[in-house]
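Novice: Got a structure for you, questions after.
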Amino acid sequence: MTEPSPYDLAQQAATRLAELTGVDRHDVALVLGSGWLPAAEMLGETTAEVDVTDLPGFSAAAVVGHSGKVRSVRAGDQRLLVFLSRTHYYEGRGVAAVVHGVRTAAAAGCRAIVLTNGCGGLKETWTPGTPVLISDHINLTGASPLYGANFVDLTDLYSARLRAVCREIDPTLDEGVYVQFPGPHYETPAEIGMVRAIGGHLAGMSTTLEAIAAREAGMEILGISLVTNLAAGMSGAPLDHAEVLEAGRAAATRMGDLLTRVVPRI
């Protein structure tokens with residue numbers, strides 16, 4: 001029996017999602033990364049919550065701080081699809097698994113997606129808990145979610161319109177270039193020096209592959225990083241995942257407020 005293509009598998013997942021949530025079509029998807037989960041409660045009324053393992057093509061969450069759930073949320077006249085976990089490239093499941101949630105969201109009707117993450121920041125003024133808009137990215141994974149001679153333009157990958165909306169809501173928001181490493185180890189101080197030299201401001205282990213798949217699917221993309229720590233070598237302190245989660249919990253109210261005010265304008 002022939003294995004379904006990643007696009008067919010995403011359609012199957014979207015069909016099953018509609019059955020389990022009772023919602024035929026969603027409008028906006030949100031992927032909430034490490035530290036962002038508390039903000040999910042502020043988005044609107046959760047009308048259904050589904051284990052991702054009940055959907056074709058998904059695996060159980062493998063990272064502390066990710067719940068392995070997807071929610072259908074009613075926010076005004078919009079239906080939101082909120083992923084409370086993601087598959088990371090370092091899990092070794094392949095690029096198709098990493099972007100399966102994005103493709104499922106597109107198949108479910110979403111015209112826009114908000115990609116969030118927890119990451120290290122390279123500006124000393126970005127204290128833990130600072131949200132930063134992603135203006136562009138550098139993908140250091142050496143991988144792509146695209147197949148064959150599929151030349152997708154990434155010139156304006158992260159929506160300038162949506163970044164402007166965010167700054168209208170919160171004029172203090174800064175922006176920067178996000179750099180994805182394969183992980184799961186944190187970067188060395190020398191690697192952070194390289195990030196600075198090539199024009200990066202944020203260092204993490206997610207988001208870029210998802211953004212490429214979202215662009216392929218025709219979605220408008222808003223990327224927001226939560227700076228959970230100063231990048232390696234900047235503070236002299238070791239890095240650990242508990243610090244990432246704690247910074248997220250401390251910033252949960254600000255994150256939730258930002259998302260609830262931005263989403264209606266997407």
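Convention: chains lettered A, B, ... in structure tokens order; per-chain residue numbering from 1; ligands numbered from 1 as shown.
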Neighbouring residues of A:Val227 were defined as those with any atom within 7 Å, considering only C-alpha atoms; residues of the same chain fewer than 4 positions away were excluded. Please report them as a PDB file with N, CA and C atoms, in the first residue's frame.
Specialist:
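Saved as out-v8.pdb:
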```pdb
ATOM      1  N   GLY A 118      10.382  30.087  22.242  1.00  0.00           N
ATOM      2  CA  GLY A 118      11.252  30.597  23.290  1.00  0.00           C
ATOM      3  C   GLY A 118      12.684  30.492  22.780  1.00  0.00           C
ATOM      4  N   CYS A 119      13.497  31.502  23.002  1.00  0.00           N
ATOM      5  CA  CYS A 119      14.833  31.483  22.392  1.00  0.00           C
ATOM      6  C   CYS A 119      15.810  32.331  23.191  1.00  0.00           C
ATOM      7  N   GLY A 120      17.068  32.261  22.792  1.00  0.00           N
ATOM      8  CA  GLY A 120      18.090  33.106  23.371  1.00  0.00           C
ATOM      9  C   GLY A 120      18.185  34.425  22.619  1.00  0.00           C
ATOM     10  N   GLY A 121      18.429  35.497  23.341  1.00  0.00           N
ATOM     11  CA  GLY A 121      18.534  36.811  22.718  1.00  0.00           C
ATOM     12  C   GLY A 121      19.959  37.322  22.737  1.00  0.00           C
ATOM     13  N   TRP A 126      17.394  42.899  25.995  1.00  0.00           N
ATOM     14  CA  TRP A 126      16.282  41.946  25.967  1.00  0.00           C
ATOM     15  C   TRP A 126      16.368  41.053  27.191  1.00  0.00           C
ATOM     16  N   PRO A 128      15.013  38.439  30.117  1.00  0.00           N
ATOM     17  CA  PRO A 128      14.123  37.283  30.012  1.00  0.00           C
ATOM     18  C   PRO A 128      12.655  37.695  30.151  1.00  0.00           C
ATOM     19  N   GLY A 129      11.844  37.201  29.221  1.00  0.00           N
ATOM     20  CA  GLY A 129      10.433  37.561  29.181  1.00  0.00           C
ATOM     21  C   GLY A 129      10.099  38.628  28.161  1.00  0.00           C
ATOM     22  N   THR A 130      11.097  39.082  27.391  1.00  0.00           N
ATOM     23  CA  THR A 130      10.869  40.109  26.368  1.00  0.00           C
ATOM     24  C   THR A 130      10.378  39.477  25.075  1.00  0.00           C
ATOM     25  N   PRO A 131       9.211  39.926  24.534  1.00  0.00           N
ATOM     26  CA  PRO A 131       8.783  39.458  23.219  1.00  0.00           C
ATOM     27  C   PRO A 131       9.465  40.262  22.116  1.00  0.00           C
TER      28      PRO A 131
END
```
Novice: If we count only C-alpha atoms and set the cut-off at 12 Å, which residues sit around A:Asp153, ignoring sequence neighbours fewer than 3 positions away in its own chain? Please answer as a PDB file with N, CA and C atoms, in the first residue's frame.
Specialist:
```pdb
ATOM      1  N   LEU A 146      10.343  21.668   1.534  1.00  0.00           N
ATOM      2  CA  LEU A 146       9.851  21.657   0.163  1.00  0.00           C
ATOM      3  C   LEU A 146      10.402  20.460  -0.596  1.00  0.00           C
ATOM      4  N   ASN A 150      10.690  23.268  -6.368  1.00  0.00           N
ATOM      5  CA  ASN A 150       9.591  24.096  -5.869  1.00  0.00           C
ATOM      6  C   ASN A 150      10.199  25.366  -5.288  1.00  0.00           C
ATOM      7  N   ASP A 156       9.612  38.276   1.634  1.00  0.00           N
ATOM      8  CA  ASP A 156       8.854  38.960   2.690  1.00  0.00           C
ATOM      9  C   ASP A 156       8.140  37.922   3.544  1.00  0.00           C
ATOM     10  N   LEU A 157       8.892  36.928   3.985  1.00  0.00           N
ATOM     11  CA  LEU A 157       8.315  35.762   4.657  1.00  0.00           C
ATOM     12  C   LEU A 157       7.481  36.134   5.877  1.00  0.00           C
ATOM     13  N   TYR A 158       8.010  37.006   6.727  1.00  0.00           N
ATOM     14  CA  TYR A 158       7.296  37.408   7.943  1.00  0.00           C
ATOM     15  C   TYR A 158       6.581  38.725   7.661  1.00  0.00           C
ATOM     16  N   ALA A 211       7.809  28.138   9.029  1.00  0.00           N
ATOM     17  CA  ALA A 211       7.515  29.356   8.270  1.00  0.00           C
ATOM     18  C   ALA A 211       7.598  29.104   6.769  1.00  0.00           C
ATOM     19  N   ILE A 212       8.596  28.338   6.338  1.00  0.00           N
ATOM     20  CA  ILE A 212       8.731  28.029   4.910  1.00  0.00           C
ATOM     21  C   ILE A 212       7.521  27.242   4.419  1.00  0.00           C
ATOM     22  N   ALA A 213       7.092  26.252   5.200  1.00  0.00           N
ATOM     23  CA  ALA A 213       5.916  25.460   4.811  1.00  0.00           C
ATOM     24  C   ALA A 213       4.658  26.314   4.788  1.00  0.00           C
ATOM     25  N   ALA A 214       4.559  27.255   5.722  1.00  0.00           N
ATOM     26  CA  ALA A 214       3.393  28.140   5.749  1.00  0.00           C
ATOM     27  C   ALA A 214       3.361  29.035   4.516  1.00  0.00           C
ATOM     28  N   ARG A 215       4.527  29.545   4.131  1.00  0.00           N
ATOM     29  CA  ARG A 215       4.581  30.362   2.919  1.00  0.00           C
ATOM     30  C   ARG A 215       4.200  29.532   1.692  1.00  0.00           C
ATOM     31  N   GLU A 216       4.709  28.303   1.616  1.00  0.00           N
ATOM     32  CA  GLU A 216       4.342  27.427   0.495  1.00  0.00           C
ATOM     33  C   GLU A 216       2.830  27.269   0.413  1.00  0.00           C
ATOM     34  N   ALA A 217       2.173  27.199   1.588  1.00  0.00           N
ATOM     35  CA  ALA A 217       0.721  27.000   1.638  1.00  0.00           C
ATOM     36  C   ALA A 217      -0.057  28.291   1.425  1.00  0.00           C
ATOM     37  N   GLY A 218       0.652  29.423   1.305  1.00  0.00           N
ATOM     38  CA  GLY A 218      -0.015  30.697   1.029  1.00  0.00           C
ATOM     39  C   GLY A 218      -0.515  31.423   2.255  1.00  0.00           C
TER      40      GLY A 218
END
```
Novice: Using only C-alpha atoms, which residues sit within 8 Å of A:Thr208 once same-chain residues fewer than 6 positions away are excluded, as a list in words?
Specialist: His137, Ile138, Asn139, Val179 and Gln180 of chain A
Novice: Could you dump the residues just selected with all heavy atoms as a tab-separated table (two decimals), in the first residue's frame?
Specialist:
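Full text of part-v4.tsv as output:
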```tsv
chain	number	residue	atom	x	y	z
A	137	HIS	N	14.60	35.37	8.92
A	137	HIS	CA	15.28	34.26	9.59
A	137	HIS	C	16.47	33.76	8.78
A	137	HIS	O	16.60	34.03	7.59
A	137	HIS	CB	14.29	33.13	9.91
A	137	HIS	CG	13.95	32.22	8.77
A	137	HIS	ND1	12.66	31.74	8.55
A	137	HIS	CD2	14.70	31.62	7.78
A	137	HIS	CE1	12.66	30.92	7.50
A	137	HIS	NE2	13.87	30.84	7.03
A	138	ILE	N	17.32	33.01	9.48
A	138	ILE	CA	18.43	32.28	8.86
A	138	ILE	C	18.28	30.82	9.30
A	138	ILE	O	18.26	30.53	10.50
A	138	ILE	CB	19.79	32.84	9.30
A	138	ILE	CG1	19.94	34.31	8.84
A	138	ILE	CG2	20.93	32.00	8.73
A	138	ILE	CD1	21.16	35.01	9.41
A	139	ASN	N	18.14	29.94	8.35
A	139	ASN	CA	17.90	28.52	8.61
A	139	ASN	C	19.23	27.77	8.55
A	139	ASN	O	19.78	27.55	7.48
A	139	ASN	CB	16.91	27.99	7.57
A	139	ASN	CG	16.72	26.49	7.64
A	139	ASN	OD1	17.10	25.84	8.61
A	139	ASN	ND2	16.12	25.93	6.59
A	179	VAL	N	17.56	32.91	14.14
A	179	VAL	CA	18.46	31.91	13.57
A	179	VAL	C	18.14	30.56	14.19
A	179	VAL	O	18.17	30.41	15.41
A	179	VAL	CB	19.93	32.27	13.84
A	179	VAL	CG1	20.86	31.21	13.26
A	179	VAL	CG2	20.26	33.65	13.25
A	180	GLN	N	17.80	29.58	13.34
A	180	GLN	CA	17.51	28.25	13.85
A	180	GLN	C	18.71	27.33	13.72
A	180	GLN	O	19.24	27.11	12.63
A	180	GLN	CB	16.31	27.61	13.13
A	180	GLN	CG	16.02	26.21	13.69
A	180	GLN	CD	14.83	25.51	13.07
A	180	GLN	OE1	14.08	26.11	12.30
A	180	GLN	NE2	14.64	24.25	13.40
```
Novice: Rank A:Asp174, A:Glu168, A:Glu210, A:Glu19 by their smallest atom-to-atom distance to A:Thr116, using only C-alpha atoms, and report the top residue only.
Specialist: A:Glu210
Novice: I want to know what sits within 7 Å of A:Gly57, based on only C-alpha atoms, with residues of the same chain fewer than 2 positions away left out; could you give that as a PyMOL selection string?
Specialist: chain A and resi 9+55+59
Novice: Those residues with N, CA, C and O atoms, as an mmCIF file, in the first residue's frame please?
Specialist:
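Final file, out16.cif:
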```cif
data_model
loop_
_atom_site.group_PDB
_atom_site.id
_atom_site.type_symbol
_atom_site.label_atom_id
_atom_site.label_comp_id
_atom_site.auth_asym_id
_atom_site.auth_seq_id
_atom_site.Cartn_x
_atom_site.Cartn_y
_atom_site.Cartn_z
ATOM 1 N N LEU A 9 -1.654 13.521 3.900
ATOM 2 C CA LEU A 9 -1.730 13.229 5.334
ATOM 3 C C LEU A 9 -2.259 14.433 6.102
ATOM 4 O O LEU A 9 -3.052 14.286 7.044
ATOM 5 N N LEU A 55 -4.946 12.536 15.755
ATOM 6 C CA LEU A 55 -4.961 13.030 14.378
ATOM 7 C C LEU A 55 -3.899 12.309 13.559
ATOM 8 O O LEU A 55 -2.784 12.103 14.040
ATOM 9 N N SER A 59 2.713 12.970 16.355
ATOM 10 C CA SER A 59 3.319 12.184 17.422
ATOM 11 C C SER A 59 3.105 12.901 18.748
ATOM 12 O O SER A 59 2.821 14.099 18.789
#
```
Novice: Contacts of A:Gly22 at 10 Å or less, counting only C-alpha atoms, minus same-chain residues fewer than 5 places along, as a ChimeraX atom specification?
Specialist: /A:16-17,47-48,72
Novice: Would you export the selected residues with all heavy atoms as a PDB file, in the first residue's frame, please?
Specialist:
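And here is the file that came out, out_26.pdb:
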```pdb
ATOM      1  N   ARG A  16     -10.157  14.854  10.062  1.00  0.00           N
ATOM      2  CA  ARG A  16     -10.399  14.268  11.385  1.00  0.00           C
ATOM      3  C   ARG A  16     -10.553  15.366  12.427  1.00  0.00           C
ATOM      4  O   ARG A  16     -11.393  15.258  13.338  1.00  0.00           O
ATOM      5  CB  ARG A  16      -9.233  13.332  11.748  1.00  0.00           C
ATOM      6  CG  ARG A  16      -9.400  12.625  13.089  1.00  0.00           C
ATOM      7  CD  ARG A  16     -10.596  11.714  13.076  1.00  0.00           C
ATOM      8  NE  ARG A  16     -10.731  10.992  14.335  1.00  0.00           N
ATOM      9  CZ  ARG A  16     -11.899  10.669  14.861  1.00  0.00           C
ATOM     10  NH1 ARG A  16     -13.044  10.996  14.249  1.00  0.00           N
ATOM     11  NH2 ARG A  16     -11.963   9.988  15.998  1.00  0.00           N
ATOM     12  N   LEU A  17      -9.786  16.428  12.303  1.00  0.00           N
ATOM     13  CA  LEU A  17      -9.899  17.557  13.225  1.00  0.00           C
ATOM     14  C   LEU A  17     -11.293  18.168  13.178  1.00  0.00           C
ATOM     15  O   LEU A  17     -11.894  18.483  14.217  1.00  0.00           O
ATOM     16  CB  LEU A  17      -8.843  18.608  12.871  1.00  0.00           C
ATOM     17  CG  LEU A  17      -8.769  19.838  13.770  1.00  0.00           C
ATOM     18  CD1 LEU A  17      -8.187  19.476  15.133  1.00  0.00           C
ATOM     19  CD2 LEU A  17      -7.911  20.920  13.113  1.00  0.00           C
ATOM     20  N   THR A  47     -13.591  25.637  22.648  1.00  0.00           N
ATOM     21  CA  THR A  47     -14.802  24.846  22.383  1.00  0.00           C
ATOM     22  C   THR A  47     -14.499  23.365  22.200  1.00  0.00           C
ATOM     23  O   THR A  47     -15.404  22.534  22.264  1.00  0.00           O
ATOM     24  CB  THR A  47     -15.524  25.378  21.132  1.00  0.00           C
ATOM     25  OG1 THR A  47     -14.641  25.310  20.006  1.00  0.00           O
ATOM     26  CG2 THR A  47     -15.966  26.824  21.338  1.00  0.00           C
ATOM     27  N   ALA A  48     -13.223  23.041  21.968  1.00  0.00           N
ATOM     28  CA  ALA A  48     -12.824  21.635  21.855  1.00  0.00           C
ATOM     29  C   ALA A  48     -11.319  21.547  22.067  1.00  0.00           C
ATOM     30  O   ALA A  48     -10.579  22.464  21.724  1.00  0.00           O
ATOM     31  CB  ALA A  48     -13.198  21.065  20.491  1.00  0.00           C
ATOM     32  N   SER A  72      -9.516  24.101  19.603  1.00  0.00           N
ATOM     33  CA  SER A  72     -10.352  24.954  18.765  1.00  0.00           C
ATOM     34  C   SER A  72     -10.910  26.039  19.669  1.00  0.00           C
ATOM     35  O   SER A  72     -11.552  25.739  20.686  1.00  0.00           O
ATOM     36  CB  SER A  72     -11.490  24.138  18.132  1.00  0.00           C
ATOM     37  OG  SER A  72     -12.295  24.971  17.318  1.00  0.00           O
TER      38      SER A  72
END
```
Novice: Using backbone DSSP assignments, extract all strand (DSSP E or B) residues from stretch 110-141 of chain A; output them as a ChimeraX atom specification.
Specialist: /A:112-121,130-139
Novice: Would you put the residues from that selection into a file with all heavy atoms, as a compact mmCIF listing (two decimals), in the first residue's frame?
Specialist:
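Full text of result.txt as output:
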```txt
# COMPACT_ATOMS: atom_id res chain seq x y z
N ALA A 112 -3.82 32.39 7.92
CA ALA A 112 -2.68 33.03 8.58
C ALA A 112 -2.24 32.16 9.74
O ALA A 112 -3.02 31.36 10.27
CB ALA A 112 -3.05 34.42 9.09
N ILE A 113 -0.98 32.34 10.13
CA ILE A 113 -0.45 31.55 11.24
C ILE A 113 0.48 32.42 12.09
O ILE A 113 1.20 33.26 11.56
CB ILE A 113 0.29 30.30 10.72
CG1 ILE A 113 0.64 29.35 11.87
CG2 ILE A 113 1.54 30.67 9.92
CD1 ILE A 113 1.03 27.95 11.41
N VAL A 114 0.39 32.24 13.40
CA VAL A 114 1.28 32.91 14.35
C VAL A 114 2.23 31.84 14.88
O VAL A 114 1.80 30.88 15.52
CB VAL A 114 0.50 33.55 15.51
CG1 VAL A 114 1.46 34.25 16.47
CG2 VAL A 114 -0.54 34.53 14.98
N LEU A 115 3.51 32.01 14.60
CA LEU A 115 4.54 31.07 15.06
C LEU A 115 5.29 31.70 16.22
O LEU A 115 5.88 32.78 16.07
CB LEU A 115 5.51 30.73 13.93
CG LEU A 115 4.90 30.05 12.70
CD1 LEU A 115 5.94 29.96 11.57
CD2 LEU A 115 4.39 28.66 13.05
N THR A 116 5.26 31.07 17.37
CA THR A 116 5.96 31.60 18.53
C THR A 116 7.04 30.61 18.97
O THR A 116 7.01 29.44 18.63
CB THR A 116 5.00 31.86 19.71
OG1 THR A 116 4.61 30.60 20.28
CG2 THR A 116 3.77 32.64 19.26
N ASN A 117 7.98 31.10 19.74
CA ASN A 117 9.02 30.24 20.27
C ASN A 117 9.65 30.89 21.49
O ASN A 117 9.47 32.08 21.75
CB ASN A 117 10.10 29.95 19.21
CG ASN A 117 10.78 31.19 18.68
OD1 ASN A 117 11.38 31.96 19.43
ND2 ASN A 117 10.69 31.41 17.37
N GLY A 118 10.38 30.09 22.24
CA GLY A 118 11.25 30.60 23.29
C GLY A 118 12.68 30.49 22.78
O GLY A 118 13.05 29.49 22.18
N CYS A 119 13.50 31.50 23.00
CA CYS A 119 14.83 31.48 22.39
C CYS A 119 15.81 32.33 23.19
O CYS A 119 15.44 33.03 24.13
CB CYS A 119 14.76 31.99 20.96
SG CYS A 119 14.41 33.75 20.84
N GLY A 120 17.07 32.26 22.79
CA GLY A 120 18.09 33.11 23.37
C GLY A 120 18.19 34.42 22.62
O GLY A 120 18.04 34.46 21.39
N GLY A 121 18.43 35.50 23.34
CA GLY A 121 18.53 36.81 22.72
C GLY A 121 19.96 37.32 22.74
O GLY A 121 20.72 37.05 23.67
N THR A 130 11.10 39.08 27.39
CA THR A 130 10.87 40.11 26.37
C THR A 130 10.38 39.48 25.08
O THR A 130 11.02 38.58 24.53
CB THR A 130 12.18 40.88 26.07
OG1 THR A 130 12.65 41.50 27.26
CG2 THR A 130 11.96 41.93 24.99
N PRO A 131 9.21 39.93 24.53
CA PRO A 131 8.78 39.46 23.22
C PRO A 131 9.46 40.26 22.12
O PRO A 131 9.63 41.48 22.24
CB PRO A 131 7.27 39.72 23.22
CG PRO A 131 7.09 40.87 24.15
CD PRO A 131 8.21 40.82 25.16
N VAL A 132 9.88 39.58 21.06
CA VAL A 132 10.56 40.22 19.93
C VAL A 132 9.91 39.72 18.64
O VAL A 132 9.76 38.51 18.44
CB VAL A 132 12.07 39.90 19.91
CG1 VAL A 132 12.74 40.56 18.72
CG2 VAL A 132 12.74 40.35 21.21
N LEU A 133 9.54 40.63 17.77
CA LEU A 133 8.96 40.26 16.48
C LEU A 133 10.05 39.73 15.56
O LEU A 133 11.16 40.27 15.52
CB LEU A 133 8.30 41.48 15.82
CG LEU A 133 7.22 42.18 16.64
CD1 LEU A 133 6.76 43.45 15.92
CD2 LEU A 133 6.03 41.25 16.88
N ILE A 134 9.76 38.67 14.84
CA ILE A 134 10.72 38.11 13.89
C ILE A 134 10.57 38.83 12.56
O ILE A 134 9.49 38.79 11.95
CB ILE A 134 10.52 36.60 13.71
CG1 ILE A 134 10.69 35.87 15.05
CG2 ILE A 134 11.51 36.03 12.69
CD1 ILE A 134 10.39 34.38 14.99
N SER A 135 11.63 39.49 12.12
CA SER A 135 11.58 40.23 10.86
C SER A 135 12.07 39.37 9.69
O SER A 135 11.70 39.61 8.54
CB SER A 135 12.43 41.49 10.95
OG SER A 135 13.79 41.17 11.25
N ASP A 136 12.90 38.38 9.99
CA ASP A 136 13.47 37.51 8.95
C ASP A 136 14.13 36.35 9.68
O ASP A 136 14.22 36.34 10.92
CB ASP A 136 14.49 38.29 8.12
CG ASP A 136 14.69 37.69 6.71
OD1 ASP A 136 14.26 36.54 6.49
OD2 ASP A 136 15.28 38.38 5.87
N HIS A 137 14.60 35.37 8.92
CA HIS A 137 15.28 34.26 9.59
C HIS A 137 16.47 33.76 8.78
O HIS A 137 16.60 34.03 7.59
CB HIS A 137 14.29 33.13 9.91
CG HIS A 137 13.95 32.22 8.77
ND1 HIS A 137 12.66 31.74 8.55
CD2 HIS A 137 14.70 31.62 7.78
CE1 HIS A 137 12.66 30.92 7.50
NE2 HIS A 137 13.87 30.84 7.03
N ILE A 138 17.32 33.01 9.48
CA ILE A 138 18.43 32.28 8.86
C ILE A 138 18.28 30.82 9.30
O ILE A 138 18.26 30.53 10.50
CB ILE A 138 19.79 32.84 9.30
CG1 ILE A 138 19.94 34.31 8.84
CG2 ILE A 138 20.93 32.00 8.73
CD1 ILE A 138 21.16 35.01 9.41
N ASN A 139 18.14 29.94 8.35
CA ASN A 139 17.90 28.52 8.61
C ASN A 139 19.23 27.77 8.55
O ASN A 139 19.78 27.55 7.48
CB ASN A 139 16.91 27.99 7.57
CG ASN A 139 16.72 26.49 7.64
OD1 ASN A 139 17.10 25.84 8.61
ND2 ASN A 139 16.12 25.93 6.59
```
Novice: If you run DSSP over the backbone, which residues in stretch 32-241 of chain A end up helix (DSSP H, G or I)? Put them as a PyMOL selection string.
Specialist: chain A and resi 37-42+52-54+89-91+95-98+100-107+160-169+189-197+208-216+241
Novice: Work out how far atom CA of A:Ala231 is from atom CA of A:Pro189, in Å to one decimal.
Specialist: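 Distance between the two atoms: 7.8 Å.
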Novice: Looking at only C-alpha atoms, which of A:Lys123, A:Arg161, A:Arg71, A:Arg103 is the one that sits closest to A:Gly200?
Specialist: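 Of the candidates, the smallest distance to A:Gly200 is held by A:Lys123.
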Novice: Kindly indicate which residue among A:Met255, A:Ala242, A:Leu154, A:Leu20 lies nearest to A:Ile221, using only C-alpha atoms for the distances.
Specialist: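 Between A:Met255, A:Ala242, A:Leu154, A:Leu20, the residue approaching A:Ile221 most closely is A:Leu154.
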Novice: When you draw a straight line from atom CA of A:Asp8 to atom CA of A:Leu81, how long is it in Å?
Specialist: 19.3 Å
